[in-house]
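> Okay, handing you the structure first.
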Amino acid sequence: MASQEHWNLENGNVKPLSKEHRHGHGHSHGRTAHNMSSQSLRKKSDLSLVSKVRIGLLRQFLTNLQEVILGTKLSVLFPAIPLAIIAQIYSFGRPWVFGLSLLGLTPLAERVSFLTEQLAFSTGPTVGGLLNATCGNATELIIAIFALYQRKVDVVKYSLLGSIISNLLLVLGTSLFCGGIANMSQEQKYDRKQADVNSQLLLLALLCHMLPLMFKYTATADTLTATPTLQLSRASSIIMLIAYIAYLFFQLKTHRQFFETQVEDDDNNDDVSDEEEAVLSFWSAFAWLVGMTAVIALLSEYVVGTIEDASTSWGLSVSFISIILLPIVGNAAEHAGAVIFAFKNKLDITLGVALGSATQIAMFVVPLTVIVAWILGIEMNLDFNLLETGSLALSVLLTAFTLQDGTSHYMKGIALLLAYVVIGACFFVLKTPIGNSFTMKWDFITKIQKIYHSFNPLSSFCVFSVPNANILHLGAKTSSGTVFSA
């Protein structure tokens, strides 16, 4: 491996890279856990045939195509993208469109990570870190925005909640279990500094989710809680975004060493150093990133538009599909990378992937969707209902207790995995329709009240709620004194 040529594209010509270029053009780039995780799923491209093409533009296009499309072990899933588009155009079964779109999103998420890393070689580690922090969970963010545009607020909440829980329990649990089994003869240790920071931010996010929930359940019978809950959620979202900005400054500037992954760089470990080279120019990487984002947006629109048809066809609730299936398939590449490094007894990378993704979704994607909904005039709050918020709270607490001593073994992984199975079983048997929440019922009653007054302006209309129960009593009194109730 040490004798293998290193290639780069320069002015349409494929040229070998010098040792300085192989190592970041003379300066080192901090390697985060997300970089390392995504690199574990990449494969080297043999550019010897492409280098023989004499036309410069064609050679450049073929080189980029080989690096971007064929440079990943997940390239076998790329055919799902045109199949999903064909299924949508020719009106095949909508569950097929949903399934194919999910499969197509899997390699795209890994390729976005690869392209942002390529941009980092030209922009520097700080800007590259910001790109990684922004695009790291681009799939979840785009799906959430399309669901918001279609007024499917419950799908937004379910999918983001599922991403957090799957990272904390499924990804981390599988990694700790597999790493413990593979390294049973030696003690597994990791640096607690990064885990402590992420755990604190997750607890802060949990507090911001629990306050609107407790606000609703502590309200008296004559208190209308919808508007105050919405205002509290928007204020909490702004605070969460401020905390996330502080976290980025902490991660990229003042305490970068907590989050960088140091790998031995010698002649016997050339596989790792090979991955540090820039194989795309800045504008090529930028163009491919824009194109990949557009395809993700298209497939996300398909997913959101067909999720209810898939739910009906497969006999699964929308909550189960959103909380369990979407995160598993959509983040499969990132999850696989975390497990691979756990096998290699590199738990710092595994923790960086699992906890980092959960923190990014909880502190950035969730509050950002609340703000975007605010801009679009959609009332989305941080009240994820009792069952969902309780699952999130127990997941965060269980993870925090699991990581408190700085060591790991397979029993910790088993505990996290079984917790995820129990939560998955809970939402599997739960058949609550979308929008069947107390807030949705109240909005519906408010509309009825306005319609009633338009026909009977001299009558009175009142609604009584039973505290801590999803029960509404309606009453109306006409001008003649007749009283109706329901």
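Going by the structure tokens order, chains are called A, B, ..., each with residues numbered from 1, while ligands are numbered from 1 in the order shown.
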Report as a ChimeraX atom specification all protein, DNA and RNA residues lying within 10 Å of range 230-244 of chain A, evaluated on only C-alpha atoms, omitting residues in the same chain fewer than 3 positions from it.
/A:133,201,204-205,207-209,211-212,215,225-227,247-250,359-360,362-371,373-374,379-383
> Would you output that residue set with C-alpha atoms, as a JSON list (two decimals), in the first residue's frame?

```json
[["chain", "number", "residue", "atom", "x", "y", "z"],
["A", 133, "ALA", "CA", -21.52, 21.23, 11.53],
["A", 201, "LEU", "CA", -25.99, 19.96, 25.87],
["A", 204, "LEU", "CA", -30.19, 21.31, 28.15],
["A", 205, "ALA", "CA", -32.15, 20.28, 25.06],
["A", 207, "LEU", "CA", -35.06, 20.71, 29.58],
["A", 208, "CYS", "CA", -36.27, 22.84, 26.66],
["A", 209, "HIS", "CA", -38.51, 19.95, 25.55],
["A", 211, "LEU", "CA", -40.89, 22.71, 29.98],
["A", 212, "PRO", "CA", -43.59, 23.12, 27.28],
["A", 215, "PHE", "CA", -46.55, 23.81, 31.05],
["A", 225, "THR", "CA", -52.02, 27.04, 26.96],
["A", 226, "ALA", "CA", -51.52, 26.87, 23.18],
["A", 227, "THR", "CA", -50.20, 30.41, 22.70],
["A", 247, "TYR", "CA", -20.58, 24.91, 21.30],
["A", 248, "LEU", "CA", -19.15, 25.44, 17.80],
["A", 249, "PHE", "CA", -16.80, 28.13, 19.11],
["A", 250, "PHE", "CA", -15.77, 25.76, 21.90],
["A", 359, "THR", "CA", -26.25, 16.90, 19.90],
["A", 360, "GLN", "CA", -26.36, 18.50, 16.47],
["A", 362, "ALA", "CA", -31.15, 18.33, 19.38],
["A", 363, "MET", "CA", -29.41, 21.72, 19.61],
["A", 364, "PHE", "CA", -29.40, 22.83, 15.97],
["A", 365, "VAL", "CA", -31.84, 21.02, 13.68],
["A", 366, "VAL", "CA", -34.81, 20.92, 16.10],
["A", 367, "PRO", "CA", -34.72, 24.61, 17.14],
["A", 368, "LEU", "CA", -33.98, 25.66, 13.55],
["A", 369, "THR", "CA", -37.11, 23.89, 12.33],
["A", 370, "VAL", "CA", -39.14, 25.71, 14.99],
["A", 371, "ILE", "CA", -37.75, 29.03, 13.75],
["A", 373, "ALA", "CA", -41.93, 27.12, 10.97],
["A", 374, "TRP", "CA", -42.31, 30.49, 12.71],
["A", 379, "GLU", "CA", -47.31, 26.78, 14.72],
["A", 380, "MET", "CA", -44.69, 24.23, 15.73],
["A", 381, "ASN", "CA", -43.67, 24.00, 19.38],
["A", 382, "LEU", "CA", -41.27, 21.88, 21.42],
["A", 383, "ASP", "CA", -44.07, 19.87, 23.03]]
```
> What lies within 9 Å of Phe343 in chain A using only C-alpha atoms, ignoring chain neighbours under 6 positions off, as a ChimeraX atom specification?
/A:175-176,178-183
> Can you tell me which residues surround Ala342 in chain A at a distance of at most 12 Å, considering only C-alpha atoms, apart from same-chain residues fewer than 2 positions away, and format the answer as a ChimeraX atom specification?
/A:33,37,40,171-183,188-190,335-340,344-354,408-410,413
> Please indicate the distance in Å from CA of Thr402 in chain A to CA of Leu416 in chain A, rounded to one decimal place.
8.5 Å
> Please build the interface table for range 101-190 of chain A against range 300-323 of chain A with a cut-off of 9 Å, listing for each qualifying residue the nearest atom pair and the distance in Å to one decimal; count only C-alpha atoms, order rows by chain and increasing number, and write it as JSON lines.

```
{"residue": "A:Ser101", "atom": "CA", "partner": "A:Val303", "partner_atom": "CA", "distance": 6.3}
{"residue": "A:Leu102", "atom": "CA", "partner": "A:Val303", "partner_atom": "CA", "distance": 7.0}
{"residue": "A:Leu105", "atom": "CA", "partner": "A:Ser300", "partner_atom": "CA", "distance": 8.1}
{"residue": "A:Thr139", "atom": "CA", "partner": "A:Ser300", "partner_atom": "CA", "distance": 7.7}
{"residue": "A:Glu140", "atom": "CA", "partner": "A:Ser300", "partner_atom": "CA", "distance": 8.9}
{"residue": "A:Ile142", "atom": "CA", "partner": "A:Ser300", "partner_atom": "CA", "distance": 6.7}
{"residue": "A:Ile143", "atom": "CA", "partner": "A:Ser300", "partner_atom": "CA", "distance": 5.0}
{"residue": "A:Ala144", "atom": "CA", "partner": "A:Ser300", "partner_atom": "CA", "distance": 8.7}
{"residue": "A:Phe146", "atom": "CA", "partner": "A:Glu301", "partner_atom": "CA", "distance": 6.0}
{"residue": "A:Ala147", "atom": "CA", "partner": "A:Val304", "partner_atom": "CA", "distance": 5.8}
{"residue": "A:Gln150", "atom": "CA", "partner": "A:Val304", "partner_atom": "CA", "distance": 8.2}
{"residue": "A:Lys152", "atom": "CA", "partner": "A:Val304", "partner_atom": "CA", "distance": 8.4}
{"residue": "A:Asp154", "atom": "CA", "partner": "A:Ser319", "partner_atom": "CA", "distance": 8.3}
{"residue": "A:Val155", "atom": "CA", "partner": "A:Ser322", "partner_atom": "CA", "distance": 6.4}
{"residue": "A:Val156", "atom": "CA", "partner": "A:Ser322", "partner_atom": "CA", "distance": 8.4}
{"residue": "A:Lys157", "atom": "CA", "partner": "A:Ser322", "partner_atom": "CA", "distance": 8.7}
{"residue": "A:Tyr158", "atom": "CA", "partner": "A:Ile323", "partner_atom": "CA", "distance": 5.2}
{"residue": "A:Ser159", "atom": "CA", "partner": "A:Ser322", "partner_atom": "CA", "distance": 4.7}
{"residue": "A:Leu160", "atom": "CA", "partner": "A:Ile323", "partner_atom": "CA", "distance": 7.6}
{"residue": "A:Leu161", "atom": "CA", "partner": "A:Ile323", "partner_atom": "CA", "distance": 6.5}
{"residue": "A:Gly162", "atom": "CA", "partner": "A:Ile323", "partner_atom": "CA", "distance": 3.8}
{"residue": "A:Ser163", "atom": "CA", "partner": "A:Ile323", "partner_atom": "CA", "distance": 7.1}
{"residue": "A:Ile165", "atom": "CA", "partner": "A:Ile323", "partner_atom": "CA", "distance": 8.3}
{"residue": "A:Ser166", "atom": "CA", "partner": "A:Ile323", "partner_atom": "CA", "distance": 8.4}
```
> Here is a test: counting only C-alpha atoms, which residue of A:Thr389, A:Ser395, A:Thr254, A:Ser357 is nearest to Asn198 in chain A?
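Checking each candidate against Asn198 in chain A, we get A:Ser357 as the closest.
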> Counting only C-alpha atoms, which of A:Gly330, A:Pro82, A:Gly390, A:Gly291 gets nearest to Ala109 in chain A?
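Using only C-alpha atoms, the shortest distance to Ala109 in chain A belongs to A:Gly330.
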> Mind checking which residues fall within 10 Å of Leu387 in chain A, counting only C-alpha atoms, ignoring those fewer than 6 positions away in the same chain, and posting them as a CSV table (one decimal) with all heavy atoms, in the first residue's frame?

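Once written, selection.csv looks like this:
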```
chain,number,residue,atom,x,y,z
A,393,ALA,N,-36.2,11.6,27.3
A,393,ALA,CA,-35.6,11.8,28.6
A,393,ALA,C,-34.9,10.6,29.1
A,393,ALA,O,-33.7,10.6,29.6
A,393,ALA,CB,-36.6,12.2,29.6
A,423,ILE,N,-38.4,0.8,23.2
A,423,ILE,CA,-39.0,2.0,22.7
A,423,ILE,C,-39.6,1.7,21.3
A,423,ILE,O,-40.7,2.2,21.0
A,423,ILE,CB,-38.0,3.1,22.6
A,423,ILE,CG1,-37.6,3.6,24.1
A,423,ILE,CG2,-38.5,4.3,21.9
A,423,ILE,CD1,-36.5,4.6,24.1
A,426,CYS,N,-42.8,-0.1,21.6
A,426,CYS,CA,-43.9,0.8,22.1
A,426,CYS,C,-44.5,1.6,20.9
A,426,CYS,O,-45.8,1.6,20.8
A,426,CYS,CB,-43.3,1.8,23.1
A,426,CYS,SG,-44.4,3.1,23.7
A,427,PHE,N,-43.7,2.1,20.0
A,427,PHE,CA,-44.3,2.9,18.9
A,427,PHE,C,-44.8,1.9,17.8
A,427,PHE,O,-45.6,2.4,17.0
A,427,PHE,CB,-43.2,3.8,18.3
A,427,PHE,CG,-42.9,5.0,19.2
A,427,PHE,CD1,-41.8,5.0,20.0
A,427,PHE,CD2,-43.8,6.0,19.3
A,427,PHE,CE1,-41.5,6.1,20.8
A,427,PHE,CE2,-43.6,7.1,20.2
A,427,PHE,CZ,-42.4,7.2,20.9
```
> Counting only C-alpha atoms, which residue out of A:Ile86, A:Leu65, A:Ile361, A:Ala332 sits closest to Val279 in chain A?
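Among the listed residues, A:Leu65 lies closest to Val279 in chain A.
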> Identify, with DSSP run on backbone atoms, the residues in range 113-267 of chain A assigned to alpha helix (DSSP H), and express the list as number ranges by chain.
A: 113-123, 125-135, 138-149, 153-165, 172-182, 192-217, 226-249
> Quick one: of A:Leu417, A:Leu62, A:Ile89, A:Leu115, who's nearest to Ala287 in chain A, counting only C-alpha atoms?
A:Leu115
